[in-house]
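Here is the structure we will look at, set down as structure tokens.
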Amino acid sequence: MADETTQPPPPVPQPIPRVAPAAIWSLVLAVLSFFCGWLFTAIPAVICGHIARSKIRKSGGGLGGKRVATAGLILGYIALVLGIMGIPLLVSMIQSDRERLQRLSTERKEIASDDRKIKVTVPGLWAKLPELNKRAVLQVGDKSKQMYLIVITDAKADPDNMPLEKYHDLTRDRMWQKMKNVSATAPVPLTIDGHSALQDELTGTENGTNVVFLHTTVDDGDHFQQILAWTLKSRWQKQNELLREITRTFHSEK
């Protein structure tokens, strides 16, 4: 029995240290920086990477994930450098877009009806809006500023029988009946496109919205041209001069 040897005890398995959460966050945020986060995720990625490495170093082996944290730091710094280099480009793009919008707001362009017989000149941001009124031969507007204008053409059954004043009153009465809490200014005579015209303002509520209409009627000989320009009542003081300007550019061809 003297030759009997004692077997050593089996080795005790060592627990695998868990990966520091900050290391995982560093890598995830760094990857996102290249797709959607830009500096908003690159900066936190770098911060989380440094925090993770510090905690791993102080844990005495209780935390792992040093490689993960290092990968997050490297990618985070790369994204940070690229992001900083891209700031001048972003600023330039924003400035260019602002200049484009400013240019369009001051430029003027002509928009015509489908048959090219009715035309108005509007700011560059305006466009055709075919859903405003089924009877209108021309419909334009700027949805972003809630300004609109339509032209309705009515042929005269008897050109010598219906005076401009009567037709203008009839169209104003129709609008009056469709609105609530309506008030109107007295019609003002003016000349548009070389023809006699009348113009007034109607203020009221339509479909629950407070609006102001610039109501203009032009007698071009064979037709009455009804020009309706409108916007929200809250915007009228700021926008009514532009609506009047566009109305004055009305032109009809025989």
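Here, A, B, ... name the chains of the structure tokens in the order displayed, residue numbers run from 1 inside each chain, and ligands are numbered from 1 in the same displayed order.
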In segment 3-170 of chain A, DSSP strand (DSSP E) residues written as a PyMOL selection string: chain A and resi 18-19+63-64+108-112+118-123+127-128+138-142+147-155
Compile a residue-level contact table for segment 218-238 of chain A against segment 163-187 of chain A at a cut-off of 8 Å, reporting for every qualifying residue the shortest atom pair and its distance in Å to one decimal, with only C-alpha atoms counted, rows ordered by chain and ascending number, as a tab-separated table.
residue	atom	partner	partner_atom	distance
A:Val218	CA	A:Leu164	CA	7.8
A:Asp219	CA	A:Leu164	CA	6.3
A:Phe224	CA	A:Leu164	CA	7.9
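A straight line drawn from atom CA of Glu107 of chain A to atom CA of Gly141 of chain A is 15.0 Å long.
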Test item: residues at most 10 Å from segment 237-243 of chain A, only C-alpha atoms, excluding those fewer than 6 positions along its chain, as a list in words: Val122, Pro123, Lys145, Gln146, Met147, Tyr148, Leu149, Val212, Phe213, Leu214, Leu228, Ala229, Trp230 and Thr231 of chain A
Would you mind exporting the chosen residues as a CSV table (one decimal), in the first residue's frame, restricted to N, CA and C atoms?
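Heads up, here's the output in out.csv:
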chain,number,residue,atom,x,y,z
A,122,VAL,N,-47.3,84.4,-60.0
A,122,VAL,CA,-47.2,84.0,-58.6
A,122,VAL,C,-45.8,83.9,-58.1
A,123,PRO,N,-45.6,83.8,-56.8
A,123,PRO,CA,-44.2,83.6,-56.3
A,123,PRO,C,-43.7,82.2,-56.7
A,145,LYS,N,-48.1,78.2,-46.6
A,145,LYS,CA,-48.5,79.4,-46.0
A,145,LYS,C,-50.0,79.6,-46.0
A,146,GLN,N,-50.7,78.5,-46.5
A,146,GLN,CA,-52.2,78.5,-46.6
A,146,GLN,C,-52.8,79.7,-47.3
A,147,MET,N,-52.2,80.0,-48.5
A,147,MET,CA,-52.7,81.0,-49.4
A,147,MET,C,-53.1,80.4,-50.7
A,148,TYR,N,-54.3,80.8,-51.2
A,148,TYR,CA,-54.9,80.1,-52.3
A,148,TYR,C,-55.5,81.2,-53.2
A,149,LEU,N,-55.7,80.8,-54.5
A,149,LEU,CA,-56.4,81.6,-55.5
A,149,LEU,C,-57.0,80.8,-56.6
A,212,VAL,N,-60.5,84.9,-44.7
A,212,VAL,CA,-60.8,86.1,-45.4
A,212,VAL,C,-60.6,85.9,-46.9
A,213,PHE,N,-61.7,86.2,-47.6
A,213,PHE,CA,-61.6,86.1,-49.1
A,213,PHE,C,-61.4,87.5,-49.7
A,214,LEU,N,-60.5,87.6,-50.7
A,214,LEU,CA,-60.5,88.8,-51.5
A,214,LEU,C,-61.3,88.4,-52.8
A,228,LEU,N,-61.0,84.6,-56.8
A,228,LEU,CA,-61.1,84.4,-55.3
A,228,LEU,C,-59.8,84.1,-54.7
A,229,ALA,N,-59.3,84.9,-53.9
A,229,ALA,CA,-58.0,84.7,-53.2
A,229,ALA,C,-58.3,84.7,-51.7
A,230,TRP,N,-57.7,83.8,-51.0
A,230,TRP,CA,-58.0,83.7,-49.6
A,230,TRP,C,-56.9,83.1,-48.7
A,231,THR,N,-57.0,83.4,-47.4
A,231,THR,CA,-56.1,82.8,-46.4
A,231,THR,C,-56.8,82.8,-45.1
All residues 8 Å or closer to Arg53 of chain A, only C-alpha atoms, same chain fewer than 4 positions away omitted, as JSON, numbers by chain: {"A": [23, 49, 57, 66, 69, 70]}
Would you save the residues of that selection, restricted to N, CA, C and O atoms, as an mmCIF file, in the first residue's frame?
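Final output, saved to out-v4.cif:
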data_model
loop_
_atom_site.group_PDB
_atom_site.id
_atom_site.type_symbol
_atom_site.label_atom_id
_atom_site.label_comp_id
_atom_site.auth_asym_id
_atom_site.auth_seq_id
_atom_site.Cartn_x
_atom_site.Cartn_y
_atom_site.Cartn_z
ATOM 1 N N ALA A 23 -19.360 48.711 -22.232
ATOM 2 C CA ALA A 23 -18.613 48.298 -23.421
ATOM 3 C C ALA A 23 -19.562 47.969 -24.562
ATOM 4 O O ALA A 23 -19.315 48.330 -25.725
ATOM 5 N N GLY A 49 -17.066 54.002 -24.030
ATOM 6 C CA GLY A 49 -15.873 53.184 -24.201
ATOM 7 C C GLY A 49 -14.844 53.442 -23.122
ATOM 8 O O GLY A 49 -14.264 52.513 -22.552
ATOM 9 N N ARG A 57 -10.728 47.719 -15.793
ATOM 10 C CA ARG A 57 -9.402 47.763 -15.189
ATOM 11 C C ARG A 57 -9.480 47.721 -13.660
ATOM 12 O O ARG A 57 -8.656 47.096 -12.987
ATOM 13 N N LYS A 66 -13.036 44.012 -22.606
ATOM 14 C CA LYS A 66 -12.070 45.046 -22.962
ATOM 15 C C LYS A 66 -11.972 45.221 -24.472
ATOM 16 O O LYS A 66 -11.888 46.342 -24.970
ATOM 17 N N ALA A 69 -14.997 47.108 -25.703
ATOM 18 C CA ALA A 69 -14.883 48.533 -25.406
ATOM 19 C C ALA A 69 -13.884 49.211 -26.330
ATOM 20 O O ALA A 69 -14.107 50.337 -26.802
ATOM 21 N N THR A 70 -12.770 48.522 -26.607
ATOM 22 C CA THR A 70 -11.755 49.087 -27.507
ATOM 23 C C THR A 70 -12.312 49.261 -28.919
ATOM 24 O O THR A 70 -12.073 50.287 -29.571
#
If we count only C-alpha atoms and set the cut-off at 10 Å, which residues sit around Ala45 of chain A, ignoring sequence neighbours fewer than 3 positions away in its own chain? Please answer as a compact mmCIF listing (two decimals) with all heavy atoms, in the first residue's frame.
# COMPACT_ATOMS: atom_id res chain seq x y z
N ALA A 22 -21.29 48.98 -20.29
CA ALA A 22 -20.84 50.20 -20.97
C ALA A 22 -20.05 49.86 -22.23
O ALA A 22 -20.06 50.61 -23.22
CB ALA A 22 -19.98 51.04 -20.03
N ALA A 23 -19.36 48.71 -22.23
CA ALA A 23 -18.61 48.30 -23.42
C ALA A 23 -19.56 47.97 -24.56
O ALA A 23 -19.32 48.33 -25.73
CB ALA A 23 -17.74 47.09 -23.08
N ILE A 24 -20.64 47.27 -24.23
CA ILE A 24 -21.63 46.92 -25.27
C ILE A 24 -22.27 48.19 -25.83
O ILE A 24 -22.43 48.35 -27.05
CB ILE A 24 -22.69 45.98 -24.68
CG1 ILE A 24 -22.04 44.66 -24.21
CG2 ILE A 24 -23.78 45.69 -25.71
CD1 ILE A 24 -22.98 43.72 -23.49
N TRP A 25 -22.63 49.11 -24.92
CA TRP A 25 -23.25 50.36 -25.36
C TRP A 25 -22.29 51.15 -26.25
O TRP A 25 -22.69 51.77 -27.23
CB TRP A 25 -23.66 51.21 -24.16
CG TRP A 25 -25.00 50.85 -23.62
CD1 TRP A 25 -25.30 50.27 -22.44
CD2 TRP A 25 -26.24 51.07 -24.29
NE1 TRP A 25 -26.65 50.09 -22.31
CE2 TRP A 25 -27.26 50.58 -23.44
CE3 TRP A 25 -26.62 51.60 -25.52
CZ2 TRP A 25 -28.61 50.61 -23.77
CZ3 TRP A 25 -27.97 51.65 -25.86
CH2 TRP A 25 -28.94 51.16 -24.99
N SER A 26 -21.01 51.14 -25.91
CA SER A 26 -20.02 51.86 -26.71
C SER A 26 -20.00 51.33 -28.14
O SER A 26 -20.02 52.11 -29.10
CB SER A 26 -18.64 51.72 -26.07
OG SER A 26 -17.66 52.33 -26.89
N LEU A 27 -19.98 50.00 -28.28
CA LEU A 27 -19.92 49.42 -29.62
C LEU A 27 -21.21 49.66 -30.40
O LEU A 27 -21.18 50.01 -31.58
CB LEU A 27 -19.65 47.92 -29.51
CG LEU A 27 -19.48 47.17 -30.84
CD1 LEU A 27 -18.35 47.77 -31.65
CD2 LEU A 27 -19.25 45.68 -30.59
N VAL A 28 -22.35 49.51 -29.74
CA VAL A 28 -23.64 49.70 -30.41
C VAL A 28 -23.78 51.15 -30.88
O VAL A 28 -24.16 51.42 -32.04
CB VAL A 28 -24.80 49.32 -29.47
CG1 VAL A 28 -26.14 49.75 -30.07
CG2 VAL A 28 -24.81 47.82 -29.19
N LEU A 29 -23.48 52.10 -30.01
CA LEU A 29 -23.61 53.52 -30.37
C LEU A 29 -22.63 53.90 -31.48
O LEU A 29 -22.95 54.70 -32.36
CB LEU A 29 -23.38 54.39 -29.14
CG LEU A 29 -24.47 54.33 -28.06
CD1 LEU A 29 -24.02 55.06 -26.80
CD2 LEU A 29 -25.77 54.91 -28.58
N ALA A 30 -21.44 53.31 -31.44
CA ALA A 30 -20.46 53.61 -32.48
C ALA A 30 -20.93 53.12 -33.84
O ALA A 30 -20.78 53.82 -34.85
CB ALA A 30 -19.12 52.97 -32.11
N VAL A 31 -21.48 51.93 -33.89
CA VAL A 31 -21.99 51.39 -35.16
C VAL A 31 -23.14 52.25 -35.68
O VAL A 31 -23.23 52.56 -36.88
CB VAL A 31 -22.44 49.92 -34.98
CG1 VAL A 31 -23.15 49.43 -36.24
CG2 VAL A 31 -21.24 49.03 -34.68
N LEU A 32 -24.04 52.66 -34.77
CA LEU A 32 -25.17 53.50 -35.19
C LEU A 32 -24.70 54.83 -35.76
O LEU A 32 -25.39 55.42 -36.61
CB LEU A 32 -26.10 53.76 -33.99
CG LEU A 32 -26.97 52.59 -33.54
CD1 LEU A 32 -27.75 52.96 -32.29
CD2 LEU A 32 -27.93 52.17 -34.65
N SER A 33 -23.55 55.31 -35.31
CA SER A 33 -23.04 56.61 -35.79
C SER A 33 -22.82 56.62 -37.29
O SER A 33 -22.90 57.67 -37.92
CB SER A 33 -21.73 56.95 -35.07
OG SER A 33 -21.92 57.01 -33.68
N LEU A 39 -22.97 62.55 -34.87
CA LEU A 39 -22.31 62.97 -33.63
C LEU A 39 -23.15 62.66 -32.38
O LEU A 39 -22.60 62.52 -31.28
CB LEU A 39 -22.02 64.47 -33.69
CG LEU A 39 -20.98 64.90 -34.73
CD1 LEU A 39 -20.83 66.41 -34.72
CD2 LEU A 39 -19.65 64.24 -34.49
N PHE A 40 -24.46 62.55 -32.56
CA PHE A 40 -25.34 62.32 -31.41
C PHE A 40 -25.12 60.95 -30.78
O PHE A 40 -25.47 60.72 -29.63
CB PHE A 40 -26.80 62.48 -31.82
CG PHE A 40 -27.11 63.85 -32.34
CD1 PHE A 40 -27.27 64.07 -33.71
CD2 PHE A 40 -27.22 64.93 -31.49
CE1 PHE A 40 -27.54 65.33 -34.19
CE2 PHE A 40 -27.49 66.19 -31.97
CZ PHE A 40 -27.65 66.40 -33.32
N THR A 41 -24.54 60.01 -31.54
CA THR A 41 -24.22 58.70 -30.97
C THR A 41 -22.71 58.47 -30.91
O THR A 41 -22.25 57.67 -30.10
CB THR A 41 -24.86 57.58 -31.80
OG1 THR A 41 -24.52 57.74 -33.18
CG2 THR A 41 -26.37 57.58 -31.64
N ALA A 42 -21.93 59.16 -31.73
CA ALA A 42 -20.48 58.98 -31.70
C ALA A 42 -19.89 59.48 -30.40
O ALA A 42 -19.02 58.82 -29.80
CB ALA A 42 -19.84 59.73 -32.88
N CYS A 48 -18.78 56.11 -23.36
CA CYS A 48 -19.05 54.78 -22.82
C CYS A 48 -17.83 53.87 -22.93
O CYS A 48 -17.56 53.05 -22.04
CB CYS A 48 -20.24 54.14 -23.55
SG CYS A 48 -21.83 54.87 -23.15
N GLY A 49 -17.07 54.00 -24.03
CA GLY A 49 -15.87 53.18 -24.20
C GLY A 49 -14.84 53.44 -23.12
O GLY A 49 -14.26 52.51 -22.55
N HIS A 50 -14.59 54.71 -22.80
CA HIS A 50 -13.64 55.05 -21.75
C HIS A 50 -14.14 54.60 -20.38
O HIS A 50 -13.35 54.10 -19.55
CB HIS A 50 -13.38 56.56 -21.75
CG HIS A 50 -12.46 57.00 -22.84
ND1 HIS A 50 -11.13 56.65 -22.89
CD2 HIS A 50 -12.68 57.78 -23.94
CE1 HIS A 50 -10.56 57.19 -23.95
NE2 HIS A 50 -11.48 57.88 -24.61
N ILE A 51 -15.43 54.78 -20.13
CA ILE A 51 -15.99 54.33 -18.84
C ILE A 51 -15.85 52.82 -18.70
O ILE A 51 -15.47 52.31 -17.63
CB ILE A 51 -17.47 54.75 -18.73
CG1 ILE A 51 -17.58 56.27 -18.62
CG2 ILE A 51 -18.14 54.08 -17.53
CD1 ILE A 51 -19.01 56.78 -18.65
N ALA A 69 -15.00 47.11 -25.70
CA ALA A 69 -14.88 48.53 -25.41
C ALA A 69 -13.88 49.21 -26.33
O ALA A 69 -14.11 50.34 -26.80
CB ALA A 69 -14.47 48.72 -23.95
N GLY A 72 -15.44 49.69 -29.69
CA GLY A 72 -16.37 50.81 -29.63
C GLY A 72 -15.65 52.14 -29.64
O GLY A 72 -16.09 53.10 -30.30
N LEU A 73 -14.51 52.22 -28.92
CA LEU A 73 -13.73 53.47 -28.90
C LEU A 73 -13.17 53.80 -30.28
O LEU A 73 -13.26 54.94 -30.74
CB LEU A 73 -12.58 53.33 -27.90
CG LEU A 73 -12.88 53.71 -26.45
CD1 LEU A 73 -11.69 53.38 -25.56
CD2 LEU A 73 -13.23 55.18 -26.34
N ILE A 74 -12.60 52.80 -30.95
CA ILE A 74 -11.99 53.04 -32.27
C ILE A 74 -13.05 53.51 -33.27
O ILE A 74 -12.88 54.52 -33.96
CB ILE A 74 -11.29 51.77 -32.77
CG1 ILE A 74 -10.09 51.43 -31.88
CG2 ILE A 74 -10.86 51.93 -34.23
CD1 ILE A 74 -9.45 50.10 -32.20
N LEU A 75 -14.17 52.77 -33.32
CA LEU A 75 -15.24 53.15 -34.26
C LEU A 75 -15.84 54.50 -33.87
O LEU A 75 -16.20 55.31 -34.73
CB LEU A 75 -16.32 52.07 -34.28
CG LEU A 75 -15.91 50.72 -34.89
CD1 LEU A 75 -17.05 49.72 -34.76
CD2 LEU A 75 -15.52 50.89 -36.36
N GLY A 76 -15.97 54.73 -32.56
CA GLY A 76 -16.54 55.99 -32.09
C GLY A 76 -15.68 57.18 -32.48
O GLY A 76 -16.18 58.22 -32.93
N TYR A 77 -14.35 57.04 -32.32
CA TYR A 77 -13.45 58.13 -32.70
C TYR A 77 -13.46 58.35 -34.21
O TYR A 77 -13.39 59.50 -34.69
CB TYR A 77 -12.04 57.84 -32.21
CG TYR A 77 -11.79 58.30 -30.79
CD1 TYR A 77 -11.45 57.39 -29.79
CD2 TYR A 77 -11.89 59.64 -30.46
CE1 TYR A 77 -11.23 57.81 -28.48
CE2 TYR A 77 -11.67 60.09 -29.16
CZ TYR A 77 -11.35 59.15 -28.17
OH TYR A 77 -11.14 59.59 -26.89
N ALA A 79 -15.99 57.76 -36.25
CA ALA A 79 -17.26 58.44 -36.55
C ALA A 79 -17.22 59.89 -36.10
O ALA A 79 -17.78 60.78 -36.76
CB ALA A 79 -18.41 57.71 -35.85
N LEU A 80 -16.53 60.15 -34.98
CA LEU A 80 -16.42 61.52 -34.47
C LEU A 80 -15.64 62.40 -35.43
O LEU A 80 -16.05 63.53 -35.73
CB LEU A 80 -15.74 61.49 -33.09
CG LEU A 80 -15.86 62.74 -32.21
CD1 LEU A 80 -17.32 63.06 -31.94
CD2 LEU A 80 -15.11 62.54 -30.91
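If only C-alpha atoms are the atoms counted, then among A:Ser54, A:Lys156, A:Gly124, A:Trp38 the closest residue to Ile84 of chain A is A:Trp38.
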Interatomic distance (Å, one decimal) between atom CA of Gly194 of chain A and atom CA of Asp222 of chain A: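 Atom CA of Asp222 of chain A lies 14.0 Å from atom CA of Gly194 of chain A.
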Among listed residues A:Arg18, A:His195, A:Arg108, A:Arg103, nearest Val68 of chain A (using only C-alpha atoms):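 Closest residue, counting only C-alpha atoms: A:Arg18.
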Segment 112-204 of chain A: residues DSSP assigns to alpha helix (DSSP H), reported as JSON, numbers by chain: {"A": [164, 165, 166, 167, 168, 169, 170, 171, 172, 173, 174, 175, 176, 177, 178]}
Selected residue, from A:Asp114, A:Val120, A:Val151, A:Pro17, that lies nearest to Leu132 of chain A when counting only C-alpha atoms: A:Val151
Option closest in space to Phe35 of chain A, from A:Leu63, A:Gly83, A:Thr203, A:Lys254 [counting only C-alpha atoms]: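 Among the listed residues, the smallest separation from Phe35 of chain A belongs to A:Gly83.
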